[in-house]
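The structure under discussion appears below in the form of structure tokens.
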Amino acid sequence: MSKKEEQILVVPTSLFHQLGHFQGFSTNVELYQKTLLAPENISARPRGEMETNPNFKQLIPYMIFCYTDSQNGETSIFTYIRGKGQGEKRLHSKMSLGIGGHLNVQDFDQSEKMSCRNFYEEGKNRELHEEVQIESQWTESCVGLINDDENEVGKVHLGIVHRFDLVQPKMQANETELVESGFRSVQELLTFPEDQFESWSAICLNALFRKR
């Protein structure tokens with residue numbers, strides 16, 4: 001018997017365009033989240049089909065982990081290289097600043113069982129605990145959305161960006177495919193060629209950390 005394909009949560013790309021299409025980064029979180037995360041606008045569809053269907057956007061919580069040194073004010077970001085066994089094959093060997101993954105129908109079902117009805121938080125927290133272990137207190141804020149229609153991966157995904165500010169730079173990857181993981185200073189990251197990063201990470205680095 002073949003393994004049942006994962007059912008992931010998506011929204012119609014047309015709905016995203018109705019709200020206001022953008023390329024790159026948007027800080028207008030409330031406008032998009034309120035509508036895109038409304039249960040009546042969400043559907044569960046086979047992941048394989050959705051990876052090549054630009055009529056739908058796969059919703060991805062994208063979490064960035066930062067530490068700011070109180071002595072010198074320097075901010076560092078948790079980074080890693082995507083190994084060959086990790087997630088989206090089209091992003092392998094790219095440096096990433098973000099941890100995240102698909103919301104799936106189990107997240108929706110679990111939120112119903114818990115009577116919280118917040119499938120998004122359920123899925124975001126699941127991804128967080130699956131991929132990393134944080135050994136510090138932190139504060140979290142939703143800082144923006146990412147859309148990148150300039151490549152095949154981006155055309156079918158929409159990122160919701162969460163920034164975690166850690167009291168101490170103490171966290172580690174749970175997955176062996178998150179290679180060379182650790183904190184790097186923003187100053188160092190800004191010296192790297194943009195094509196060394198996955199596109200979402202390059203967009204976030206420029207939007208959130210590059211001084212204008």
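As shown in the structure tokens, the chain order sets the letters A, B, ...; within each chain, residues go from 1, and ligands are also counted from 1 in the order they appear.
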Give me, as a ChimeraX atom specification, all polymer residues having an atom no more than 12 Å from stretch 169-176 of chain A, counting only C-alpha atoms and skipping those fewer than 4 positions away in the same chain. /A:65-70,75-87,98-99,127-138,164-165,180-185
For N, CA and C atoms, I'd like the residues from the last selection saved as a compact mmCIF listing (two decimals), in the first residue's frame.
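Saved the output as again-v2.txt:
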# COMPACT_ATOMS: atom_id res chain seq x y z
N PHE A 65 15.67 33.80 14.10
CA PHE A 65 16.10 33.84 15.49
C PHE A 65 17.29 34.79 15.64
N CYS A 66 17.13 35.79 16.48
CA CYS A 66 18.14 36.84 16.62
C CYS A 66 18.63 36.96 18.07
N TYR A 67 19.85 37.40 18.19
CA TYR A 67 20.41 37.73 19.49
C TYR A 67 21.16 39.04 19.35
N THR A 68 20.90 39.99 20.25
CA THR A 68 21.60 41.27 20.24
C THR A 68 22.45 41.40 21.49
N ASP A 69 23.74 41.55 21.28
CA ASP A 69 24.70 41.67 22.38
C ASP A 69 24.47 43.00 23.12
N SER A 70 24.21 42.92 24.40
CA SER A 70 23.92 44.14 25.17
C SER A 70 25.15 45.02 25.34
N THR A 75 23.88 42.58 16.43
CA THR A 75 22.86 41.55 16.28
C THR A 75 23.39 40.39 15.46
N SER A 76 23.12 39.18 15.94
CA SER A 76 23.48 37.96 15.22
C SER A 76 22.21 37.19 14.90
N ILE A 77 22.27 36.37 13.84
CA ILE A 77 21.12 35.60 13.38
C ILE A 77 21.51 34.13 13.28
N PHE A 78 20.63 33.25 13.71
CA PHE A 78 20.84 31.81 13.58
C PHE A 78 20.72 31.44 12.10
N THR A 79 21.77 30.84 11.56
CA THR A 79 21.79 30.45 10.15
C THR A 79 22.17 28.98 10.00
N TYR A 80 21.93 28.45 8.81
CA TYR A 80 22.31 27.08 8.50
C TYR A 80 22.35 26.90 6.99
N ILE A 81 22.95 25.80 6.56
CA ILE A 81 22.96 25.40 5.14
C ILE A 81 21.99 24.24 4.99
N ARG A 82 21.16 24.30 3.96
CA ARG A 82 20.20 23.20 3.73
C ARG A 82 20.92 21.98 3.14
N GLY A 83 20.88 20.87 3.88
CA GLY A 83 21.46 19.63 3.39
C GLY A 83 20.59 18.97 2.35
N LYS A 84 21.11 17.95 1.68
CA LYS A 84 20.40 17.32 0.57
C LYS A 84 19.16 16.55 0.99
N GLY A 85 19.07 16.19 2.26
CA GLY A 85 17.91 15.44 2.71
C GLY A 85 16.84 16.31 3.33
N GLN A 86 17.02 17.63 3.26
CA GLN A 86 16.13 18.53 3.99
C GLN A 86 15.13 19.22 3.07
N GLY A 87 13.84 18.89 3.25
CA GLY A 87 12.75 19.66 2.65
C GLY A 87 12.82 19.84 1.15
N GLY A 98 16.02 31.32 8.03
CA GLY A 98 14.70 31.03 8.55
C GLY A 98 14.41 29.55 8.72
N ILE A 99 13.64 29.25 9.75
CA ILE A 99 13.13 27.91 10.00
C ILE A 99 11.63 27.94 9.71
N GLU A 127 6.36 23.12 13.80
CA GLU A 127 7.60 23.28 13.03
C GLU A 127 8.74 23.75 13.91
N LEU A 128 8.45 24.67 14.82
CA LEU A 128 9.47 25.20 15.71
C LEU A 128 10.10 24.08 16.53
N HIS A 129 9.28 23.24 17.15
CA HIS A 129 9.80 22.20 18.03
C HIS A 129 10.41 21.03 17.27
N GLU A 130 9.96 20.82 16.03
CA GLU A 130 10.56 19.76 15.23
C GLU A 130 11.98 20.10 14.79
N GLU A 131 12.21 21.37 14.46
CA GLU A 131 13.45 21.72 13.78
C GLU A 131 14.55 22.28 14.67
N VAL A 132 14.18 22.96 15.77
CA VAL A 132 15.21 23.54 16.62
C VAL A 132 14.86 23.36 18.09
N GLN A 133 15.88 23.53 18.90
CA GLN A 133 15.71 23.51 20.35
C GLN A 133 16.27 24.82 20.90
N ILE A 134 15.41 25.62 21.52
CA ILE A 134 15.83 26.92 22.06
C ILE A 134 16.09 26.75 23.55
N GLU A 135 17.26 27.20 23.99
CA GLU A 135 17.65 27.07 25.39
C GLU A 135 17.80 28.44 26.02
N SER A 136 16.88 29.32 25.68
CA SER A 136 16.90 30.69 26.17
C SER A 136 15.48 31.23 26.21
N GLN A 137 15.24 32.23 27.01
CA GLN A 137 13.99 32.94 26.94
C GLN A 137 13.97 33.77 25.66
N TRP A 138 12.77 34.07 25.18
CA TRP A 138 12.69 34.87 23.96
C TRP A 138 11.39 35.66 23.94
N PHE A 164 12.15 36.04 16.39
CA PHE A 164 12.35 35.64 17.78
C PHE A 164 13.62 36.34 18.28
N ASP A 165 13.50 37.13 19.33
CA ASP A 165 14.67 37.77 19.94
C ASP A 165 15.01 37.02 21.21
N GLU A 180 25.96 23.14 9.42
CA GLU A 180 26.75 24.33 9.78
C GLU A 180 25.89 25.37 10.47
N SER A 181 25.03 24.94 11.37
CA SER A 181 24.11 25.86 12.03
C SER A 181 24.80 26.61 13.17
N GLY A 182 24.36 27.83 13.39
CA GLY A 182 24.89 28.65 14.46
C GLY A 182 24.62 30.12 14.20
N PHE A 183 25.01 30.97 15.14
CA PHE A 183 24.77 32.40 15.01
C PHE A 183 25.90 33.08 14.24
N ARG A 184 25.52 33.92 13.30
CA ARG A 184 26.45 34.76 12.56
C ARG A 184 26.00 36.20 12.68
N SER A 185 26.96 37.11 12.75
CA SER A 185 26.61 38.51 12.89
C SER A 185 25.96 39.04 11.61
Quick one: everything within 7 Å of stretch 196-198 of chain A, counting only C-alpha atoms, minus sequence neighbours fewer than 4 positions away in the same chain. Send it as a list in words. Leu91, Lys94, Met95, Ser96, Phe192 and Ala202 of chain A
As an exercise, work out the distance from atom CA of A:Ala44 to atom CA of A:Asn104 in Å and give it to one decimal place. 7.2 Å
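Neighbouring residues of A:Leu31 at 12 Å or closer, counting only C-alpha atoms and skipping chain neighbours under 2 positions away, are Phe16, Gln18, Leu19, Gly20, His21, Ser26, Thr27, Asn28, Val29, Gln33, Lys34, Thr35, Leu36, Leu37, Ala38, Gly144 and Leu145 of chain A.
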As a PyMOL selection string, list the residues of stretch 5-93 of chain A assigned to strand (DSSP E or B) by DSSP on the backbone atoms of this structure. chain A and resi 7-12+24-26+43-46+56-68+75-82
Export C-alpha atoms of the chosen residues as an mmCIF file, in the first residue's frame?
data_model
loop_
_atom_site.group_PDB
_atom_site.id
_atom_site.type_symbol
_atom_site.label_atom_id
_atom_site.label_comp_id
_atom_site.auth_asym_id
_atom_site.auth_seq_id
_atom_site.Cartn_x
_atom_site.Cartn_y
_atom_site.Cartn_z
ATOM 1 C CA GLN A 7 -2.303 17.272 2.617
ATOM 2 C CA ILE A 8 -1.094 20.846 3.043
ATOM 3 C CA LEU A 9 -3.054 24.031 3.646
ATOM 4 C CA VAL A 10 -3.198 26.543 0.806
ATOM 5 C CA VAL A 11 -5.042 29.688 -0.277
ATOM 6 C CA PRO A 12 -5.991 30.736 -3.822
ATOM 7 C CA GLY A 24 9.535 40.889 -1.969
ATOM 8 C CA PHE A 25 8.667 41.945 1.576
ATOM 9 C CA SER A 26 5.574 43.582 3.087
ATOM 10 C CA SER A 43 -8.212 24.290 1.650
ATOM 11 C CA ALA A 44 -6.184 21.086 2.115
ATOM 12 C CA ARG A 45 -4.611 19.746 -1.086
ATOM 13 C CA PRO A 46 -1.929 17.181 -2.039
ATOM 14 C CA PHE A 56 -2.438 28.300 -5.030
ATOM 15 C CA LYS A 57 -0.081 29.690 -2.393
ATOM 16 C CA GLN A 58 1.255 27.357 0.284
ATOM 17 C CA LEU A 59 1.301 29.185 3.634
ATOM 18 C CA ILE A 60 4.666 28.941 5.395
ATOM 19 C CA PRO A 61 5.481 30.233 8.900
ATOM 20 C CA TYR A 62 9.073 31.504 8.533
ATOM 21 C CA MET A 63 10.897 32.008 11.841
ATOM 22 C CA ILE A 64 14.088 34.040 12.257
ATOM 23 C CA PHE A 65 16.101 33.844 15.490
ATOM 24 C CA CYS A 66 18.142 36.839 16.623
ATOM 25 C CA TYR A 67 20.411 37.731 19.493
ATOM 26 C CA THR A 68 21.596 41.275 20.237
ATOM 27 C CA THR A 75 22.855 41.547 16.282
ATOM 28 C CA SER A 76 23.476 37.963 15.224
ATOM 29 C CA ILE A 77 21.115 35.596 13.379
ATOM 30 C CA PHE A 78 20.844 31.814 13.577
ATOM 31 C CA THR A 79 21.789 30.454 10.145
ATOM 32 C CA TYR A 80 22.313 27.079 8.503
ATOM 33 C CA ILE A 81 22.958 25.400 5.145
ATOM 34 C CA ARG A 82 20.200 23.204 3.728
#
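Nearest to A:Leu178 of all the residues A:Asn147, A:Ser141, A:Thr52, A:Ser93 is A:Ser93, counting only C-alpha atoms.
Atom pair atom CA of A:Asn41 / atom CA of A:Leu15: separated by 8.5 Å.
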Between atom CA of A:Asn151 and atom CA of A:Cys204, measure the distance and give it in Å to one decimal.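 Between atom CA of A:Asn151 and atom CA of A:Cys204 the gap works out to 16.1 Å.
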